[in-house]
Amino acid sequence: MATWLAVVATALIVVGIVSHTLVRHVIQIAPLIAALLLLIRRSAFGVTAAVPLFAFWFLIMASIWLFLLGIARIFTGTFPPVEIALTLIIGLASFMGLATAYREGTATPTVARLRWVVGFAALQYAAIWLSVQPFAATR
């Protein structure tokens with residue numbers, strides 16, 4: 001799990017470097033780092049916290065692929081080859097993280113897991129929102 005979170009976070013940082021939007025991408029990976037810290041500390045909720053993050057990034061990458069294939073215009077823009085390669089890496093790592101979470105499972109109570117999933121989903125949404133604010137949008 002930790003490896004897949006680290007791969008997603010690192011690839012997003014590389015996207016930030018390539019696209020000259022490093023600040024934006026550092027903000028976007030904050031929830032990934034928080035989940036990674038939970039996993040490193042062997043928290044019972046580390047896996048649960050990572051699941052909505054993997055799902056979020058997988059859906060974002062799938063949306064980009066749909067645009068690139070001319071199927072849907074959820075996202076628009078130009079994507080240089082290096083960014084296209086990074087979307088594949090992020091998408092694959094996110095899928096593998098979800099598969100690993102499914103295999104590992106957890107013995108924590110369902111209500112507690114639901115709180116962590118909703119909390120980390122909200123944290124990722126907040127990070128994305130914050131990353132597109134004027135102070136970070138072009139940095």
# chains A, B, ... in the order shown; residues from 1 in each chain; ligands from 1
>>> residues_around(residues="segment 17-20 of chain A", least_positions_apart="4", cutoff="10 Å", atoms="only C-alpha atoms", output="PyMOL selection string")
chain A and resi 11-13+24-25+79-80+82-83+138-139
>>> residues_around(residues="Ala107 of chain A", least_positions_apart="5", cutoff="12 Å", atoms="only C-alpha atoms", output="ChimeraX atom specification")
/A:43-45,47-48,112-113
>>> write_last_selection(atoms="C-alpha atoms", output="short mmCIF file (atom, residue, chain, number, x, y, z; two decimals), in the first residue's frame")
data_model
loop_
_atom_site.label_atom_id
_atom_site.label_comp_id
_atom_site.auth_asym_id
_atom_site.auth_seq_id
_atom_site.Cartn_x
_atom_site.Cartn_y
_atom_site.Cartn_z
CA SER A 43 -2.41 2.63 11.94
CA ALA A 44 -5.42 0.36 11.62
CA PHE A 45 -6.95 3.06 9.39
CA VAL A 47 -5.50 1.23 4.33
CA THR A 48 -8.97 2.73 4.78
CA ALA A 112 -15.25 3.80 11.61
CA ARG A 113 -14.01 2.84 8.14
#
>>> atom_distance(atom1="atom CA of Leu92 of chain A", atom2="atom CA of Ala50 of chain A")
14.9 Å
>>> closest_residue(among="A:Arg41, A:Met61, A:Ala34, A:Val51", to="Ala99 of chain A", atoms="only C-alpha atoms")
A:Val51
>>> select_by_dssp(residues="chain A", states="helix (DSSP H, G or I)", output="number ranges by chain")
A: 2-18, 22-28, 30-40, 46-68, 81-104, 110-131, 134-137
>>> atom_distance(atom1="atom CA of Thr100 of chain A", atom2="atom CA of Val118 of chain A")
19.5 Å
>>> closest_residue(among="A:Ala93, A:Ala49, A:Ala101, A:Leu86", to="Ile64 of chain A", atoms="only C-alpha atoms")
A:Leu86
>>> closest_residue(among="A:Thr76, A:Thr87, A:Ser131, A:Gln124", to="Pro31 of chain A", atoms="only C-alpha atoms")
A:Gln124
>>> residues_around(residues="segment 135-137 of chain A", least_positions_apart="5", cutoff="10 Å", atoms="only C-alpha atoms", output="ChimeraX atom specification")
/A:21-27,130
>>> atom_distance(atom1="atom CA of Leu98 of chain A", atom2="atom CA of Ile128 of chain A")
20.4 Å
